[in-house]
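query_14.pdb, holding PDB, C-alpha atoms:
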```pdb
ATOM      1  CA  MET A  19      41.751  42.371  59.611
ATOM      2  CA  CYS A  20      42.673  38.927  60.913
ATOM      3  CA  ALA A  21      46.366  37.971  61.080
ATOM      4  CA  LEU A  22      47.415  35.093  58.874
ATOM      5  CA  ARG A  23      48.302  32.003  60.848
ATOM      6  CA  GLU A  24      50.999  29.747  59.522
ATOM      7  CA  LYS A  25      50.024  26.091  59.720
ATOM      8  CA  VAL A  26      52.651  23.888  61.307
ATOM      9  CA  SER A  27      52.956  20.227  60.425
ATOM     10  CA  GLY A  28      56.444  18.769  60.000
ATOM     11  CA  ASN A  29      59.847  20.375  60.393
ATOM     12  CA  LEU A  30      59.280  21.301  64.038
ATOM     13  CA  VAL A  31      62.562  21.195  65.986
ATOM     14  CA  PHE A  32      63.326  21.736  69.677
ATOM     15  CA  ARG A  33      66.872  22.694  70.676
ATOM     16  CA  SER A  34      68.836  24.586  73.319
ATOM     17  CA  MET A  35      68.877  28.372  73.042
ATOM     18  CA  THR A  36      72.169  30.064  72.134
ATOM     19  CA  LEU A  37      73.325  33.690  72.234
ATOM     20  CA  HIS A  38      72.728  33.785  68.477
ATOM     21  CA  ASP A  39      68.974  33.305  69.151
ATOM     22  CA  ILE A  40      68.540  36.438  71.276
ATOM     23  CA  PRO A  41      67.415  38.788  68.433
ATOM     24  CA  ASP A  42      64.645  36.335  67.456
ATOM     25  CA  ILE A  43      63.702  35.808  71.107
ATOM     26  CA  MET A  44      63.378  39.561  71.583
ATOM     27  CA  ILE A  45      60.759  39.658  68.804
ATOM     28  CA  ILE A  46      58.784  36.863  70.497
ATOM     29  CA  GLU A  47      59.176  38.587  73.897
ATOM     30  CA  HIS A  48      57.764  41.878  72.637
ATOM     31  CA  GLU A  49      54.904  40.149  70.811
ATOM     32  CA  SER A  50      53.991  38.098  73.871
ATOM     33  CA  PHE A  51      54.530  40.092  77.050
ATOM     34  CA  THR A  52      53.639  43.529  78.372
ATOM     35  CA  LEU A  53      56.833  43.370  80.472
ATOM     36  CA  PRO A  54      59.357  41.809  78.067
ATOM     37  CA  TRP A  55      62.791  40.813  79.281
ATOM     38  CA  SER A  56      65.774  42.714  77.841
ATOM     39  CA  GLU A  57      68.525  41.345  75.620
ATOM     40  CA  ASP A  58      70.890  41.729  78.569
ATOM     41  CA  ALA A  59      68.600  39.620  80.751
ATOM     42  CA  PHE A  60      68.701  36.742  78.244
ATOM     43  CA  ARG A  61      72.448  37.160  77.720
ATOM     44  CA  ASN A  62      72.942  36.927  81.503
ATOM     45  CA  GLU A  63      70.698  33.861  81.726
ATOM     46  CA  LEU A  64      72.699  32.074  79.021
ATOM     47  CA  THR A  65      76.180  33.060  80.184
ATOM     48  CA  HIS A  66      76.092  33.558  83.975
ATOM     49  CA  ASN A  67      73.081  31.741  85.433
ATOM     50  CA  HIS A  68      74.156  28.129  85.936
ATOM     51  CA  PHE A  69      70.611  27.189  86.929
ATOM     52  CA  ALA A  70      69.066  28.465  83.672
ATOM     53  CA  ARG A  71      67.956  26.224  80.801
ATOM     54  CA  TYR A  72      66.303  27.616  77.660
ATOM     55  CA  LEU A  73      64.656  25.783  74.795
ATOM     56  CA  ILE A  74      63.889  27.051  71.282
ATOM     57  CA  MET A  75      61.034  25.735  69.141
ATOM     58  CA  GLU A  76      61.814  26.152  65.429
ATOM     59  CA  TYR A  77      59.640  25.660  62.397
ATOM     60  CA  ASN A  78      61.473  25.377  59.079
ATOM     61  CA  GLY A  79      64.609  26.730  60.756
ATOM     62  CA  LYS A  80      62.868  29.823  62.181
ATOM     63  CA  PRO A  81      62.312  30.297  65.963
ATOM     64  CA  ILE A  82      58.569  30.475  66.653
ATOM     65  CA  GLY A  83      58.594  29.879  70.404
ATOM     66  CA  TYR A  84      60.751  29.325  73.419
ATOM     67  CA  ALA A  85      60.622  28.306  77.058
ATOM     68  CA  GLY A  86      62.967  28.766  79.989
ATOM     69  CA  MET A  87      63.408  27.312  83.429
ATOM     70  CA  TRP A  88      65.732  27.365  86.390
ATOM     71  CA  THR A  89      66.684  23.946  87.750
ATOM     72  CA  ILE A  90      67.504  24.033  91.457
ATOM     73  CA  VAL A  91      68.104  20.861  93.472
ATOM     74  CA  ASP A  92      65.095  18.753  92.347
ATOM     75  CA  GLU A  93      62.701  21.517  91.278
ATOM     76  CA  ALA A  94      62.281  23.376  88.008
ATOM     77  CA  HIS A  95      60.891  26.919  87.930
ATOM     78  CA  VAL A  96      59.478  28.037  84.576
ATOM     79  CA  THR A  97      60.721  31.554  83.830
ATOM     80  CA  ASN A  98      59.108  32.139  80.431
ATOM     81  CA  ILE A  99      57.121  30.334  77.780
ATOM     82  CA  ALA A 100      55.903  31.984  74.581
ATOM     83  CA  VAL A 101      54.768  31.223  71.033
ATOM     84  CA  ARG A 102      54.633  33.804  68.234
ATOM     85  CA  PRO A 103      51.049  35.057  67.747
ATOM     86  CA  GLY A 104      50.777  33.777  64.159
ATOM     87  CA  TYR A 105      51.438  30.227  65.359
ATOM     88  CA  ARG A 106      49.085  30.138  68.343
ATOM     89  CA  GLY A 107      45.969  27.983  68.430
ATOM     90  CA  GLN A 108      47.783  24.885  67.114
ATOM     91  CA  HIS A 109      48.741  23.344  70.481
ATOM     92  CA  LEU A 110      52.345  24.503  70.053
ATOM     93  CA  GLY A 111      52.407  25.977  73.560
ATOM     94  CA  GLU A 112      51.446  22.538  74.824
ATOM     95  CA  ARG A 113      54.209  20.934  72.740
ATOM     96  CA  LEU A 114      56.693  23.438  74.147
ATOM     97  CA  LEU A 115      55.522  22.811  77.715
ATOM     98  CA  ASN A 116      55.774  19.038  77.148
ATOM     99  CA  GLU A 117      59.356  19.437  75.934
ATOM    100  CA  ILE A 118      60.483  21.555  78.859
ATOM    101  CA  MET A 119      58.757  19.249  81.353
ATOM    102  CA  ASP A 120      60.464  16.237  79.763
ATOM    103  CA  TRP A 121      63.819  18.042  79.796
ATOM    104  CA  ALA A 122      63.394  18.905  83.477
ATOM    105  CA  SER A 123      62.518  15.288  84.240
ATOM    106  CA  ASP A 124      65.571  14.083  82.276
ATOM    107  CA  LEU A 125      67.700  16.423  84.412
ATOM    108  CA  GLY A 126      66.375  14.721  87.561
ATOM    109  CA  MET A 127      63.832  17.356  88.557
ATOM    110  CA  LEU A 128      60.825  16.002  90.458
ATOM    111  CA  ARG A 129      58.486  19.013  90.461
ATOM    112  CA  MET A 130      57.906  22.121  88.405
ATOM    113  CA  THR A 131      56.463  25.487  89.380
ATOM    114  CA  LEU A 132      55.451  28.651  87.571
ATOM    115  CA  GLU A 133      53.570  31.903  87.999
ATOM    116  CA  VAL A 134      50.766  32.965  85.689
ATOM    117  CA  ARG A 135      48.589  36.075  85.657
ATOM    118  CA  VAL A 136      45.321  35.467  87.503
ATOM    119  CA  SER A 137      43.535  36.836  84.413
ATOM    120  CA  ASN A 138      45.276  34.466  81.952
ATOM    121  CA  TYR A 139      42.679  31.705  81.855
ATOM    122  CA  VAL A 140      43.999  30.236  78.585
ATOM    123  CA  ALA A 141      47.436  29.585  80.095
ATOM    124  CA  GLN A 142      45.916  28.339  83.361
ATOM    125  CA  SER A 143      43.821  25.859  81.396
ATOM    126  CA  LEU A 144      46.901  24.549  79.563
ATOM    127  CA  TYR A 145      48.849  24.228  82.799
ATOM    128  CA  GLY A 146      45.935  22.445  84.471
ATOM    129  CA  LYS A 147      45.783  20.017  81.541
ATOM    130  CA  LYS A 148      49.456  19.225  82.159
ATOM    131  CA  GLY A 149      48.913  18.499  85.864
ATOM    132  CA  PHE A 150      49.671  21.897  87.397
ATOM    133  CA  VAL A 151      47.523  22.829  90.384
ATOM    134  CA  PRO A 152      47.139  26.209  92.099
ATOM    135  CA  ALA A 153      49.170  26.552  95.280
ATOM    136  CA  GLY A 154      48.841  30.221  96.188
ATOM    137  CA  THR A 155      49.156  33.753  94.871
ATOM    138  CA  ARG A 156      51.817  36.429  94.727
ATOM    139  CA  LYS A 157      50.068  39.746  95.389
ATOM    140  CA  GLY A 158      50.931  42.531  92.931
ATOM    141  CA  TYR A 159      53.513  40.334  91.170
ATOM    142  CA  TYR A 160      53.175  42.014  87.761
ATOM    143  CA  SER A 161      54.450  45.582  87.972
ATOM    144  CA  ASP A 162      52.744  46.844  84.791
ATOM    145  CA  ASN A 163      49.292  46.702  86.391
ATOM    146  CA  ASN A 164      49.943  45.288  89.888
ATOM    147  CA  GLU A 165      48.110  42.091  88.921
ATOM    148  CA  ASP A 166      48.443  39.053  91.150
ATOM    149  CA  ALA A 167      50.186  35.889  89.985
ATOM    150  CA  LEU A 168      48.762  32.448  90.554
ATOM    151  CA  ILE A 169      51.485  30.029  91.708
ATOM    152  CA  MET A 170      51.053  26.559  90.225
ATOM    153  CA  TRP A 171      52.947  23.305  90.847
ATOM    154  CA  SER A 172      53.115  19.956  89.087
ATOM    155  CA  ASP A 173      54.865  16.673  89.665
ATOM    156  CA  LEU A 174      56.962  15.848  86.630
ATOM    157  CA  PRO A 175      56.393  12.780  84.458
ATOM    158  CA  GLY A 176      58.553   9.893  85.555
ATOM    159  CA  ALA A 177      59.358  11.526  88.890
ATOM    160  CA  ASP A 178      60.578   8.866  91.311
ATOM    161  CA  PHE A 179      59.439   9.950  94.749
ATOM    162  CA  ASN A 180      60.638   8.317  97.959
ATOM    163  CA  PHE A 181      57.667   7.218 100.018
ATOM    164  CA  ASP A 182      57.481   6.373 103.683
ATOM    165  CA  GLU A 183      58.121   2.698 104.383
ATOM    166  CA  GLU A 184      54.825   2.565 106.260
ATOM    167  CA  GLU A 185      52.796   2.806 103.072
ATOM    168  CA  SER A 186      50.513  -0.102 102.312
ATOM    169  CA  SER A 187      51.206  -2.433  99.416
ATOM    170  CA  ALA A 188      48.115  -1.031  97.688
ATOM    171  CA  GLY A 189      49.651   2.441  97.807
ATOM    172  CA  GLU A 190      47.136   3.902 100.215
ATOM    173  CA  GLY A 191      48.184   6.596 102.637
ATOM    174  CA  ARG A 192      51.308   7.635 100.739
ATOM    175  CA  GLU A 193      53.174  10.662 101.962
ATOM    176  CA  ARG A 194      56.011  12.235 100.043
ATOM    177  CA  ASN A 195      59.341  12.843 101.765
ATOM    178  CA  TRP A 196      60.362  16.220 100.445
TER
END
```
Write-out of the structure in structure tokens:
Amino acid sequence: MCALREKVSGNLVFRSMTLHDIPDIMIIEHESFTLPWSEDAFRNELTHNHFARYLIMEYNGKPIGYAGMWTIVDEAHVTNIAVRPGYRGQHLGERLLNEIMDWASDLGMLRMTLEVRVSNYVAQSLYGKKGFVPAGTRKGYYSDNNEDALIMWSDLPGADFNFDEEESSAGEGRERNW
């Protein structure tokens, strides 16, 4: 039997996650991940981790997805991104990724990184579409099955990089000063 998918059109809202959201996030976590985070992990992220930023995606007032990142110096590290199964296949993961990338850029971040299972081709395709490129692997990163993680990086939209003064006026030979 095929699960009913709810069609999303209007009434889609993005907002910061609060402690009140944790019960709904736990449902999404368990539906989405084989190694879901605990309530305590989210509570710690929201109350003690000053680098953490979490975004909720609501439809008609009900959380249907979320994304999290740590913002450190000028880089954002995606910690989680998930959409409820009944809402997948409608480009909502892409909308969520767009929002968190824009938020990171607004906070002054220049680059974003994430890890994704080497077997998760759907997510890798989405990330590639948004400018993420593979940069390496973390061997045995996922403890449930010892699967490797693909590390991906992207420059953020609107990132203002400082270039060497020796660059040509046509922009050839640019090197980034990290």
Quiz item: Once you count all atoms listed in the file, which residues end up no further than 12 Å from (49.8, 36.8, 98.7) in the file's frame, shown as a ChimeraX atom specification?
Solution: /A:153-159,165-169
Exercise. Excluding Gly146 in chain A and any residue of its chain fewer than 5 positions from it, enumerate the residues within 10 Å of it, using all atoms listed in the file, and give them as a ChimeraX atom specification.
Key: /A:140-141,151-152,170-172
So which residues get picked by the PyMOL selection byres ((chain A and resi 75) around 9) here, written as an mmCIF file with C-alpha atoms, in the coordinates of the input?
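Saved the output as out.cif:
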```
data_model
loop_
_atom_site.group_PDB
_atom_site.id
_atom_site.type_symbol
_atom_site.label_atom_id
_atom_site.label_comp_id
_atom_site.auth_asym_id
_atom_site.auth_seq_id
_atom_site.Cartn_x
_atom_site.Cartn_y
_atom_site.Cartn_z
ATOM 1 C CA LEU A 30 59.280 21.301 64.038
ATOM 2 C CA VAL A 31 62.562 21.195 65.986
ATOM 3 C CA PHE A 32 63.326 21.736 69.677
ATOM 4 C CA ARG A 33 66.872 22.694 70.676
ATOM 5 C CA SER A 34 68.836 24.586 73.319
ATOM 6 C CA LEU A 73 64.656 25.783 74.795
ATOM 7 C CA ILE A 74 63.889 27.051 71.282
ATOM 8 C CA GLU A 76 61.814 26.152 65.429
ATOM 9 C CA TYR A 77 59.640 25.660 62.397
ATOM 10 C CA LYS A 80 62.868 29.823 62.181
ATOM 11 C CA PRO A 81 62.312 30.297 65.963
ATOM 12 C CA ILE A 82 58.569 30.475 66.653
ATOM 13 C CA GLY A 83 58.594 29.879 70.404
ATOM 14 C CA TYR A 84 60.751 29.325 73.419
ATOM 15 C CA ALA A 85 60.622 28.306 77.058
ATOM 16 C CA VAL A 101 54.768 31.223 71.033
ATOM 17 C CA LEU A 110 52.345 24.503 70.053
ATOM 18 C CA LEU A 114 56.693 23.438 74.147
#
```
Exercise. List the residues matched by the PyMOL selection byres ((chain A and resi 126-133) around 7) in the displayed structure as a list in words, ordered by chain and then by residue number.
Key: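 Given this file, the PyMOL selection byres ((chain A and resi 126-133) around 7) evaluates to Asp92, Glu93, Ala94, His95, Val96, Ala122, Ser123, Asp124, Leu125, Val134, Arg135, Ala167, Leu168, Ile169, Met170, Trp171, Ser172, Asp173, Leu174 and Ala177 of chain A.
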Exercise. Point out the residue among A:Glu57, A:Asp120, A:Glu112, A:Asp162 with the least atom-to-atom distance to Ile45 in chain A, counting only C-alpha atoms.
Key: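 Going through A:Glu57, A:Asp120, A:Glu112, A:Asp162 one by one, the smallest distance to Ile45 in chain A is for A:Glu57.
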Please return the centre and edge lengths, in Å to one decimal, of a box with edges along x, y and z that contains all listed atoms of range 109-117 of chain A, widened by 6 Å on every side, as JSON.
```
{"center_x": 54.0, "center_y": 22.5, "center_z": 73.9, "size_x": 22.6, "size_y": 18.9, "size_z": 19.7}
```
Quiz item: Rounded to one decimal in Å, what is the spacing between CA of Phe60 in chain A and CA of His109 in chain A?
Solution: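 A separation of 25.3 Å between them.
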Self-check item: Point-to-point distance from CA of Met35 in chain A to CA of Gly86 in chain A, Å rounded to tenths
Solution: 9.1 Å
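As for CA of Leu53 in chain A and CA of Val136 in chain A, they are spaced 15.6 Å apart.
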Self-check item: Counting all atoms listed in the file, the option among A:Ile118, A:Asp39, A:Ile99, A:Val91 closest to Arg61 in chain A
Solution: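 For Arg61 in chain A, the nearest of the given residues is A:Asp39.
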Export range 44-112 of chain A, C-alpha atoms, as a PDB file, in the first residue's frame; it's the structure right above.
```
ATOM      1  CA  MET A  44      11.690  13.613  17.234  1.00  0.00           C
ATOM      2  CA  ILE A  45       8.953  12.189  14.982  1.00  0.00           C
ATOM      3  CA  ILE A  46      10.750  13.501  11.880  1.00  0.00           C
ATOM      4  CA  GLU A  47      14.097  12.195  13.213  1.00  0.00           C
ATOM      5  CA  HIS A  48      12.774   8.672  13.710  1.00  0.00           C
ATOM      6  CA  GLU A  49      11.041   8.660  10.320  1.00  0.00           C
ATOM      7  CA  SER A  50      14.167   9.881   8.549  1.00  0.00           C
ATOM      8  CA  PHE A  51      17.284   8.426  10.143  1.00  0.00           C
ATOM      9  CA  THR A  52      18.529   5.017  11.231  1.00  0.00           C
ATOM     10  CA  LEU A  53      20.581   6.805  13.920  1.00  0.00           C
ATOM     11  CA  PRO A  54      18.178   9.494  15.178  1.00  0.00           C
ATOM     12  CA  TRP A  55      19.361  12.133  17.606  1.00  0.00           C
ATOM     13  CA  SER A  56      17.824  12.108  21.101  1.00  0.00           C
ATOM     14  CA  GLU A  57      15.596  14.751  22.659  1.00  0.00           C
ATOM     15  CA  ASP A  58      18.495  15.629  24.952  1.00  0.00           C
ATOM     16  CA  ALA A  59      20.768  16.186  21.956  1.00  0.00           C
ATOM     17  CA  PHE A  60      18.336  18.720  20.459  1.00  0.00           C
ATOM     18  CA  ARG A  61      17.741  20.346  23.849  1.00  0.00           C
ATOM     19  CA  ASN A  62      21.521  20.751  24.250  1.00  0.00           C
ATOM     20  CA  GLU A  63      21.859  22.172  20.736  1.00  0.00           C
ATOM     21  CA  LEU A  64      19.170  24.782  21.422  1.00  0.00           C
ATOM     22  CA  THR A  65      20.251  25.762  24.931  1.00  0.00           C
ATOM     23  CA  HIS A  66      24.028  25.239  25.223  1.00  0.00           C
ATOM     24  CA  ASN A  67      25.582  25.178  21.748  1.00  0.00           C
ATOM     25  CA  HIS A  68      26.162  28.808  20.775  1.00  0.00           C
ATOM     26  CA  PHE A  69      27.236  27.726  17.295  1.00  0.00           C
ATOM     27  CA  ALA A  70      23.973  25.873  16.563  1.00  0.00           C
ATOM     28  CA  ARG A  71      21.180  27.233  14.361  1.00  0.00           C
ATOM     29  CA  TYR A  72      18.031  25.222  13.603  1.00  0.00           C
ATOM     30  CA  LEU A  73      15.242  25.952  11.159  1.00  0.00           C
ATOM     31  CA  ILE A  74      11.709  24.519  11.078  1.00  0.00           C
ATOM     32  CA  MET A  75       9.650  24.164   7.899  1.00  0.00           C
ATOM     33  CA  GLU A  76       5.917  24.271   8.680  1.00  0.00           C
ATOM     34  CA  TYR A  77       2.934  23.586   6.490  1.00  0.00           C
ATOM     35  CA  ASN A  78      -0.405  24.838   7.808  1.00  0.00           C
ATOM     36  CA  GLY A  79       1.185  25.316  11.231  1.00  0.00           C
ATOM     37  CA  LYS A  80       2.557  21.751  11.417  1.00  0.00           C
ATOM     38  CA  PRO A  81       6.334  21.003  11.299  1.00  0.00           C
ATOM     39  CA  ILE A  82       7.079  18.871   8.229  1.00  0.00           C
ATOM     40  CA  GLY A  83      10.843  19.339   8.041  1.00  0.00           C
ATOM     41  CA  TYR A  84      13.836  20.905   9.666  1.00  0.00           C
ATOM     42  CA  ALA A  85      17.503  21.653   9.120  1.00  0.00           C
ATOM     43  CA  GLY A  86      20.383  22.455  11.436  1.00  0.00           C
ATOM     44  CA  MET A  87      23.852  23.876  11.142  1.00  0.00           C
ATOM     45  CA  TRP A  88      26.772  25.014  13.226  1.00  0.00           C
ATOM     46  CA  THR A  89      28.206  28.403  12.274  1.00  0.00           C
ATOM     47  CA  ILE A  90      31.896  28.710  13.119  1.00  0.00           C
ATOM     48  CA  VAL A  91      33.984  31.695  12.015  1.00  0.00           C
ATOM     49  CA  ASP A  92      32.963  31.917   8.318  1.00  0.00           C
ATOM     50  CA  GLU A  93      31.861  28.322   7.708  1.00  0.00           C
ATOM     51  CA  ALA A  94      28.550  26.565   8.238  1.00  0.00           C
ATOM     52  CA  HIS A  95      28.401  22.822   8.919  1.00  0.00           C
ATOM     53  CA  VAL A  96      25.042  21.175   8.214  1.00  0.00           C
ATOM     54  CA  THR A  97      24.184  18.850  11.101  1.00  0.00           C
ATOM     55  CA  ASN A  98      20.798  17.551   9.944  1.00  0.00           C
ATOM     56  CA  ILE A  99      18.228  18.075   7.231  1.00  0.00           C
ATOM     57  CA  ALA A 100      15.007  16.075   6.977  1.00  0.00           C
ATOM     58  CA  VAL A 101      11.499  16.173   5.514  1.00  0.00           C
ATOM     59  CA  ARG A 102       8.636  13.947   6.680  1.00  0.00           C
ATOM     60  CA  PRO A 103       8.174  11.001   4.279  1.00  0.00           C
ATOM     61  CA  GLY A 104       4.625  11.995   3.276  1.00  0.00           C
ATOM     62  CA  TYR A 105       5.907  15.345   2.003  1.00  0.00           C
ATOM     63  CA  ARG A 106       8.930  14.140   0.038  1.00  0.00           C
ATOM     64  CA  GLY A 107       9.124  14.329  -3.741  1.00  0.00           C
ATOM     65  CA  GLN A 108       7.861  17.935  -3.866  1.00  0.00           C
ATOM     66  CA  HIS A 109      11.251  19.704  -3.770  1.00  0.00           C
ATOM     67  CA  LEU A 110      10.735  20.623  -0.109  1.00  0.00           C
ATOM     68  CA  GLY A 111      14.200  19.354   0.817  1.00  0.00           C
ATOM     69  CA  GLU A 112      15.570  21.753  -1.775  1.00  0.00           C
TER      70      GLU A 112
END
```
